[in-house]
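> Below: one structure in structure tokens.
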Amino acid sequence: MRIEEIKVLRGPNYWSIRRNKLIQMKLNLEELEQRPTNTIDGFRKRLETLFPSMYSHRCSVGEPGGFFQRVDEGTWMGHVIEHIALELQTLAGMDTGFGRTRGSGEDGKYFVVFSYMEEDAGTYAAKASVRIAQALVDNVPYDLEEDIQQLREIREDTRLGPSTGCIVDEAAKRGIPHLRLNKHSLVQLGYGVHQKRIRATIASTTGNIAVDIACDKEETKNLLEAAEIPVPKGTVIRTELGLKEAIEKFGYPLVIKPIDGNHGKGNTTNITNWEQALKAFDNAKQYGRSIIVEKFITGFDFRILVINYKFICAALRTPAAVTGDGEHTIQWLIDETNKDPRRGYGHEKVLTQITVDHSTMKMLEEKGYTLETVPAAGELVLLKTTANLSTGGTSTDITDEVHPANIVMCERIAKIIGLDICGIDIMAQDLRTPVNENGGAILEVNAAPGFRMHIEPAEGLPRNVAEPVIDMLFPDRSNGRIPIIAITGTNGKTTTTRLTAHISKSAGKKVGYTTSDGVYIQNQLLMKGDCTGPLSAQFVLKDPTVDFAVLECARGGILKSGLAFQHCDVAIVTNVASDHMGLGGINTLEQMARLKAVVPETVFPHGYAVLNADDDLVYAMKSALKCNIALFSMDENNPRIQEHCKAGGLATVYENGFISLLKGTWKIRVIHVKDIPLTFEGKAVHNIANTLPSVMATYLFKSITIEDIRSGLQTFIAGSATTPGRLNFFHFKNFTFLADFAHNPHGLQLLCEFVEKLDYPYKVGVISGTGDRRDEDIKALGSISAKYFDEIIIRCDKNLRGRTAEEIISLLQEGINEVNPKVPQTVIANENLALEYVYTNHKPGALYTIMCDVVAGALDKIKELKDRENNG
């Protein structure tokens with residue numbers, strides 16, 4: 001049993017539109033293909049012993065214990081591994097529950113698909129589940145706890161923290177999309193020009209000066225003191241001499257902390273003698289040269305949260321501690337405290353487990369205690385110097401107890417520092433009375449304050465502190481989105497994408513679009529190559545200058561990672577034809593259509609799917625969609641169009657030489673095809689078909705007028721700059737090259753039908769086959785070529801994709817000879833050599849049509865030949 005491939009899906013995908021975070025593992029069962037679970041002695045018992053909690057898995061039976069019932073009846077190991085991977089993550093604090101195991105179309109090989117919360121943990125669970133299953137089959141011991149702990153650590157290292165996470169969750173509730181910009185806490189909310197960013201709880205609206213001030217404790221203190229805000233008396237020192245002078249001036253007890261520390265790092269409180277002061281000074285110096293020494297204020301530790309300069313909530317924070325019972329040791333009391341089900345590893349639960357570290361041992365030592373000391377009944381033994389929840393502290397919500405004067409004071413503090421998201425630390429006896437009257441003081445003002453103590457207090461009401469953050473970043477219930485038109489299909493995607501983007505640009509939009517030859521931002525090519533996957537789409541959605549996105553979405557990207565977006569406004573499906581069959585588990589046209597349907601299934605309910613009514617598989621998609629439907633057809637008398645429009649639907653059709661919009665029973669003639677350069681006076685029928693969905697998609701936006709559409713169609717000139725690899729003509733003195741990315745039978749058929757209408761005395765096809773296609777697909781390219789060309793030159797792609805050049809050439813020749821064995825054939829394996837051959841041996845007046853696999857390479861070579869002719 002071995003893993004052949006693991007893919008991490010991060011968006012709507014072939015397996016699920018709603019569940020975006022899936023691991024897809026291709027598993028080869030090898031000899032276990034012949035051994036279902038009911039044929040492996042003791043397998044059920046060993047599985048249940050290792051995973052007793054798996055009894056809750058209902059599986060297809062639909063009731064607790066259902067999965068074990070399937071194991072008893074006999075199921076295959078891929079199914080077992082799916083359930084192990086899910087349960088492993090659940091045991092590590094990541095509750096996941098969706099899984100599928102399906103055959104790949106190859107004997108003994110399965111796709112095992114399951115959900116994850118953190119992708120690194122999902123990948124680890126995939127590998128671990130296979131190891132565990134093999135151990136259960138082989139009846140050898142397995143240490144499950146090691147995997148569970150490893151998964152916990154991966155989760156804590158990779159997940160968004162609770163503060164950032166709750167903001168992202170609140171954004172999602174509002175329909176605001178998010179993109180994680182790094183492996184830490186930098187997150188983009190919204191798309192394009194409407195995006196905002198957060199990092200932890202610092203927002204893109206937060207002023208840099210304010211953060212700098214908050215990080216400089218002395219400057220913060222000076223500003224607050226000048227504004228008559230109560231702060232502890234203190235000074236800044238750098239040397240032991242300065243420490244002595246500060247102690248003489250302020251006396252004990254004292255607090256010593258680094259000037260630019262955070263999260264309590266380097267802080268020591270309640271210092272009462274010189275030895276303690278010296279240790280505290282050395283500790284603080286680890287975090288910076290400048291040290292604050294100030295009077296220790298007695299009382300309780302409070303945190304006030306102010307967002308958008310408005311008081312939101314308050315919490316009482318208590319450091320990690322245990323209370324003695326006069327019978328048990330401190331270590332025993334810690335262990336008992338950690339048994340509280342609310343305490344977990346890292347941030348997985350409301351409270352964090354208390355760990356014994358150097359700081360804990362130092363505090364105990366100062367009291368003359370060890371972990372084996374038995375404290376008196378009722379004695380509170382503090383274990384940490386600060387009340388941070390991440391070190392085992394607790395919080396109690398006291399929002400409703402805060403005196404109005406303290407609320408006003410805290411809102412003033414936020415304004416004085418300039419922080420729109422602000423945590424204020426106060427030491428006082430209570431907050432029911434004004435701080436300036438009860439002897440309390442402001443200890444610190446924090447940029448990026450933690451939200452966990454407020455959203456999950458140990459006691460009191462949880463507070464949704466993320467909501468005011470989102471209200472501040474996206475006022476008036478805005479969702480931060482930009483319009484997205486997503487385009488998929490087998491052929492015509494790139495031309496349709498480029499034309500749609502051009503029309504949108506003609507209407508004044510700042511367009512970002514992705515194609516199979518690159519990513520363009522406002523018509524500037526910023527990335528080269530096949531850019532039809534999710535990373536390229538995200539590149540557009542991340543760009544802060546883009547206010548309109550047109551995204552080509554090819555099968556490869558959907559299979560590899562899923563879509564980059566969860567929702568789009570308009571989706572176009574051009575057609576579904578035979579291409580890339582047998583790859584990625586897609587073996588039939590019906591499966592290919594299901595894959596392409598992922599794109600229209602992401603359309604908002606108020607949006608539109610623009611479907612090809614002339615294609616049975618595309619038209620059939622409408623029955624599963626929950627959005628509006630618009631159709632397009634090359635025949636206005638198509639019964640599907642007539643039925644749709646009779647019911648008040650929208651359609652674009654080719655009729656009487658015009659591109660026309662149908663609105664119910666009304667017809668709007670947009671433009672005659674002879675006035676559209678892309679159609680070559682109507683000869684390029686496939687480009688008429690590509691124009692129809694572009695017209696409909698742009699018409700659906702109120703900000704794009706018929707005049708904008710007409711102008712865009714008239715000004716979009718086909719050529720190597722605007723449509724590289726799509727009907728690119730290069731006119732030499734005595735012959736012509738036509739370069740086109742016709743890489744499958746359907747595409748080549750359309751190209752040849754266009755070539756047939758052109759007035760050239762002699763037509764030569766320079767053809768190739770792609771190695772990762774089926775035999776019948778490669779043969780079909782030869783057959784189609786033999787029908788239309790007077791001569792054929794066979795060459796090979798640069799990347800043979802799993803076959804030899806001889807295999808590909810033989811299949812092409814087989815297809816040619818089945819149709820027209822008399823057509824002249826020349827074999828030149830290298831593309832550049834084939835083009836050189838044409839240049840040197842061309843027939844006067846001939847048209848040489850080249851199917852280019854690597855568009856940029858072929859076009860560069862043709863341009864080189866053109867320059868040679870011009871300079872010759």
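Labels used: A, B, ... for chains in the order of the structure tokens, numbers from 1 for residues in each chain, and numbers from 1 for ligands as shown.
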Would you mind listing what lies within 7 Å of region 192-200 of chain A as a VMD selection string, with only C-alpha atoms counted and same-chain residues fewer than 4 positions away left out?

chain A and resid 163 to 164 185 to 188 204 448 473 480 to 482 541 to 547

> Could you save those same residues with N, CA, C and O atoms as an mmCIF file, in the first residue's frame?


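The resulting file, part-v3.cif, is shown below:
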data_model
loop_
_atom_site.group_PDB
_atom_site.id
_atom_site.type_symbol
_atom_site.label_atom_id
_atom_site.label_comp_id
_atom_site.auth_asym_id
_atom_site.auth_seq_id
_atom_site.Cartn_x
_atom_site.Cartn_y
_atom_site.Cartn_z
ATOM 1 N N SER A 163 -7.380 35.668 17.901
ATOM 2 C CA SER A 163 -7.758 37.055 17.629
ATOM 3 C C SER A 163 -7.979 37.269 16.138
ATOM 4 O O SER A 163 -9.041 37.728 15.698
ATOM 5 N N THR A 164 -6.969 36.918 15.330
ATOM 6 C CA THR A 164 -7.105 37.055 13.880
ATOM 7 C C THR A 164 -8.226 36.161 13.371
ATOM 8 O O THR A 164 -9.017 36.566 12.516
ATOM 9 N N SER A 185 0.082 35.873 10.521
ATOM 10 C CA SER A 185 -1.253 36.423 10.761
ATOM 11 C C SER A 185 -1.620 37.578 9.837
ATOM 12 O O SER A 185 -2.532 38.329 10.136
ATOM 13 N N LEU A 186 -0.910 37.722 8.706
ATOM 14 C CA LEU A 186 -1.248 38.778 7.751
ATOM 15 C C LEU A 186 -2.350 38.270 6.819
ATOM 16 O O LEU A 186 -2.163 37.292 6.094
ATOM 17 N N VAL A 187 -3.494 38.938 6.850
ATOM 18 C CA VAL A 187 -4.672 38.483 6.115
ATOM 19 C C VAL A 187 -5.268 39.648 5.340
ATOM 20 O O VAL A 187 -5.384 40.760 5.856
ATOM 21 N N GLN A 188 -5.636 39.364 4.082
ATOM 22 C CA GLN A 188 -6.366 40.349 3.278
ATOM 23 C C GLN A 188 -7.851 40.061 3.382
ATOM 24 O O GLN A 188 -8.298 38.935 3.187
ATOM 25 N N SER A 204 -5.138 47.686 8.597
ATOM 26 C CA SER A 204 -4.528 48.602 7.640
ATOM 27 C C SER A 204 -4.944 50.047 7.907
ATOM 28 O O SER A 204 -4.329 50.980 7.385
ATOM 29 N N ALA A 448 -2.302 45.791 18.759
ATOM 30 C CA ALA A 448 -2.526 44.344 18.567
ATOM 31 C C ALA A 448 -2.918 43.649 19.857
ATOM 32 O O ALA A 448 -2.318 42.634 20.247
ATOM 33 N N LEU A 473 -13.788 48.532 9.419
ATOM 34 C CA LEU A 473 -13.083 48.333 8.153
ATOM 35 C C LEU A 473 -14.018 48.389 6.954
ATOM 36 O O LEU A 473 -13.633 48.853 5.869
ATOM 37 N N GLY A 480 -16.576 44.371 0.528
ATOM 38 C CA GLY A 480 -15.193 44.375 0.063
ATOM 39 C C GLY A 480 -14.948 43.634 -1.234
ATOM 40 O O GLY A 480 -13.797 43.371 -1.589
ATOM 41 N N ARG A 481 -15.991 43.288 -1.956
ATOM 42 C CA ARG A 481 -15.815 42.504 -3.178
ATOM 43 C C ARG A 481 -15.662 43.386 -4.414
ATOM 44 O O ARG A 481 -16.046 44.553 -4.418
ATOM 45 N N ILE A 482 -15.106 42.799 -5.465
ATOM 46 C CA ILE A 482 -15.127 43.390 -6.795
ATOM 47 C C ILE A 482 -15.850 42.395 -7.709
ATOM 48 O O ILE A 482 -15.907 41.194 -7.410
ATOM 49 N N LEU A 541 -6.846 39.047 -7.622
ATOM 50 C CA LEU A 541 -7.716 39.444 -6.519
ATOM 51 C C LEU A 541 -6.952 40.162 -5.409
ATOM 52 O O LEU A 541 -7.533 40.929 -4.641
ATOM 53 N N LYS A 542 -5.638 39.945 -5.336
ATOM 54 C CA LYS A 542 -4.814 40.634 -4.343
ATOM 55 C C LYS A 542 -4.400 42.028 -4.800
ATOM 56 O O LYS A 542 -3.989 42.847 -3.980
ATOM 57 N N ASP A 543 -4.474 42.286 -6.104
ATOM 58 C CA ASP A 543 -3.943 43.546 -6.617
ATOM 59 C C ASP A 543 -4.819 44.724 -6.180
ATOM 60 O O ASP A 543 -6.019 44.753 -6.475
ATOM 61 N N PRO A 544 -4.251 45.712 -5.498
ATOM 62 C CA PRO A 544 -5.059 46.814 -4.958
ATOM 63 C C PRO A 544 -5.495 47.837 -5.989
ATOM 64 O O PRO A 544 -6.192 48.795 -5.640
ATOM 65 N N THR A 545 -5.100 47.652 -7.267
ATOM 66 C CA THR A 545 -5.530 48.600 -8.300
ATOM 67 C C THR A 545 -6.701 48.076 -9.120
ATOM 68 O O THR A 545 -7.266 48.799 -9.933
ATOM 69 N N VAL A 546 -7.065 46.806 -8.941
ATOM 70 C CA VAL A 546 -8.067 46.155 -9.785
ATOM 71 C C VAL A 546 -9.470 46.341 -9.206
ATOM 72 O O VAL A 546 -9.688 46.104 -8.014
ATOM 73 N N ASP A 547 -10.413 46.750 -10.059
ATOM 74 C CA ASP A 547 -11.804 46.845 -9.598
ATOM 75 C C ASP A 547 -12.743 45.940 -10.392
ATOM 76 O O ASP A 547 -13.961 45.982 -10.218
#

> Report as a VMD selection string: the residues of region 691-750 of chain A with a DSSP assignment of helix (DSSP H, G or I), based on the backbone of this structure.

chain A and resid 691 to 699 706 to 715 745 to 750

> Give me, as a PyMOL selection string, the residues of region 94-242 of chain A that a backbone DSSP run labels strand (DSSP E or B).

chain A and resi 99-103+109-115+178-180+186-189+196-199+202-203+234-237

> Need to verify the contact set: Leu812 (chain A), 7 Å, only C-alpha atoms, exclusion of same-chain residues closer than 5 positions in sequence. Can you return it as a list in words?

Ile778, Lys779, Leu781 and Gly782 of chain A

> Go ahead and save the residues from that selection, with all heavy atoms, as a compact mmCIF listing (two decimals), in the first residue's frame.


# COMPACT_ATOMS: atom_id res chain seq x y z
N ILE A 778 -5.04 11.63 -30.30
CA ILE A 778 -3.89 11.97 -31.15
C ILE A 778 -4.18 11.54 -32.60
O ILE A 778 -3.92 12.29 -33.54
CB ILE A 778 -2.61 11.28 -30.63
CG1 ILE A 778 -2.29 11.79 -29.21
CG2 ILE A 778 -1.44 11.56 -31.56
CD1 ILE A 778 -1.11 11.09 -28.55
N LYS A 779 -4.77 10.36 -32.77
CA LYS A 779 -5.13 9.91 -34.12
C LYS A 779 -6.13 10.86 -34.76
O LYS A 779 -6.06 11.15 -35.96
CB LYS A 779 -5.72 8.50 -34.06
CG LYS A 779 -4.70 7.40 -33.83
CD LYS A 779 -5.36 6.04 -33.60
CE LYS A 779 -6.22 5.62 -34.78
NZ LYS A 779 -6.81 4.28 -34.56
N LEU A 781 -6.39 14.02 -34.45
CA LEU A 781 -5.71 15.21 -34.98
C LEU A 781 -5.18 14.94 -36.39
O LEU A 781 -5.26 15.79 -37.28
CB LEU A 781 -4.56 15.62 -34.05
CG LEU A 781 -4.94 16.07 -32.65
CD1 LEU A 781 -3.68 16.31 -31.81
CD2 LEU A 781 -5.78 17.35 -32.70
N GLY A 782 -4.66 13.74 -36.58
CA GLY A 782 -4.19 13.37 -37.92
C GLY A 782 -5.33 13.24 -38.90
O GLY A 782 -5.24 13.71 -40.05

> What lies within 6 Å of region 276-286 of chain A using only C-alpha atoms, ignoring chain neighbours under 2 positions off, as a list in words?

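Returned residues: Lys257, Pro258, Gly266, Thr268, Ile271, Asn273, Trp274, Gly288 and Arg289 of chain A.
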
> Record the distance separating CA of Cys422 (chain A) and CA of Val469 (chain A), expressed in Å with one decimal.

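Pair CA of Cys422 (chain A) / CA of Val469 (chain A) returns 11.1 Å.
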
> Enumerate, in order of chain and increasing residue number, the residues of region 309-414 of chain A with an atom no farther than 10 Å from region 228-231 of chain A, each with its shortest atom pair and distance in Å to one decimal, counting only C-alpha atoms, as a tab-separated table.


residue	atom	partner	partner_atom	distance
A:Met409	CA	A:Ile229	CA	7.6
A:Cys410	CA	A:Ile229	CA	9.4
A:Arg412	CA	A:Ile229	CA	9.2
A:Ile413	CA	A:Ile229	CA	8.0

> List as a list in words the protein and nucleic acid residues near His644 (chain A), meaning an atom at most 12 Å away when only C-alpha atoms are counted, but skip any in the same chain fewer than 6 places from it.

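With the cut-off at 12 Å, the set is Leu611, Ala613, Tyr619, Lys622, Asn628, Ile629, Ala630, Leu631, Phe632, Ser633, Glu636, Asn637, Asn638, Leu650, Ala651, Thr652, Leu662, Lys663, Gly664 and Thr665 of chain A.
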
> Write out as JSON lines a residue-level contact list of region 519-544 of chain A versus region 489-512 of chain A with cut-off 7 Å: for each qualifying residue the closest pair of atoms and the distance in Å to one decimal, counting only C-alpha atoms, rows sorted by chain and residue number upward.


{"residue": "A:Tyr520", "atom": "CA", "partner": "A:Gly512", "partner_atom": "CA", "distance": 5.6}
{"residue": "A:Ile521", "atom": "CA", "partner": "A:Gly512", "partner_atom": "CA", "distance": 4.3}
{"residue": "A:Gln522", "atom": "CA", "partner": "A:Val511", "partner_atom": "CA", "distance": 5.2}
{"residue": "A:Val540", "atom": "CA", "partner": "A:Gly512", "partner_atom": "CA", "distance": 5.5}

> For region 838-844 of chain A, list every protein, DNA or RNA residue within 7 Å, evaluated using only C-alpha atoms, and leave out those in the same chain fewer than 4 positions away; present the list as a list in words.

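Near region 838-844 of chain A, the qualifying residues are Asn734, Phe735 and Ala834 of chain A.
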
> Quick check, in Å to one decimal: how far apart do CA of Ile6 (chain A) and CA of Gln24 (chain A) lie?

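CA of Ile6 (chain A) sits 5.8 Å away from CA of Gln24 (chain A).
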
> Excluding same-chain residues fewer than 4 positions from Cys796 (chain A), what lies within 6 Å of it counting only C-alpha atoms, as a list in words?

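In the requested form, the answer reads Ser768, Ala829 and Asn830 of chain A.
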
> Between CA of Val573 (chain A) and CA of Ala684 (chain A), what is the spacing in Å?

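We find that CA of Ala684 (chain A) and CA of Val573 (chain A) lie 19.5 Å from each other.
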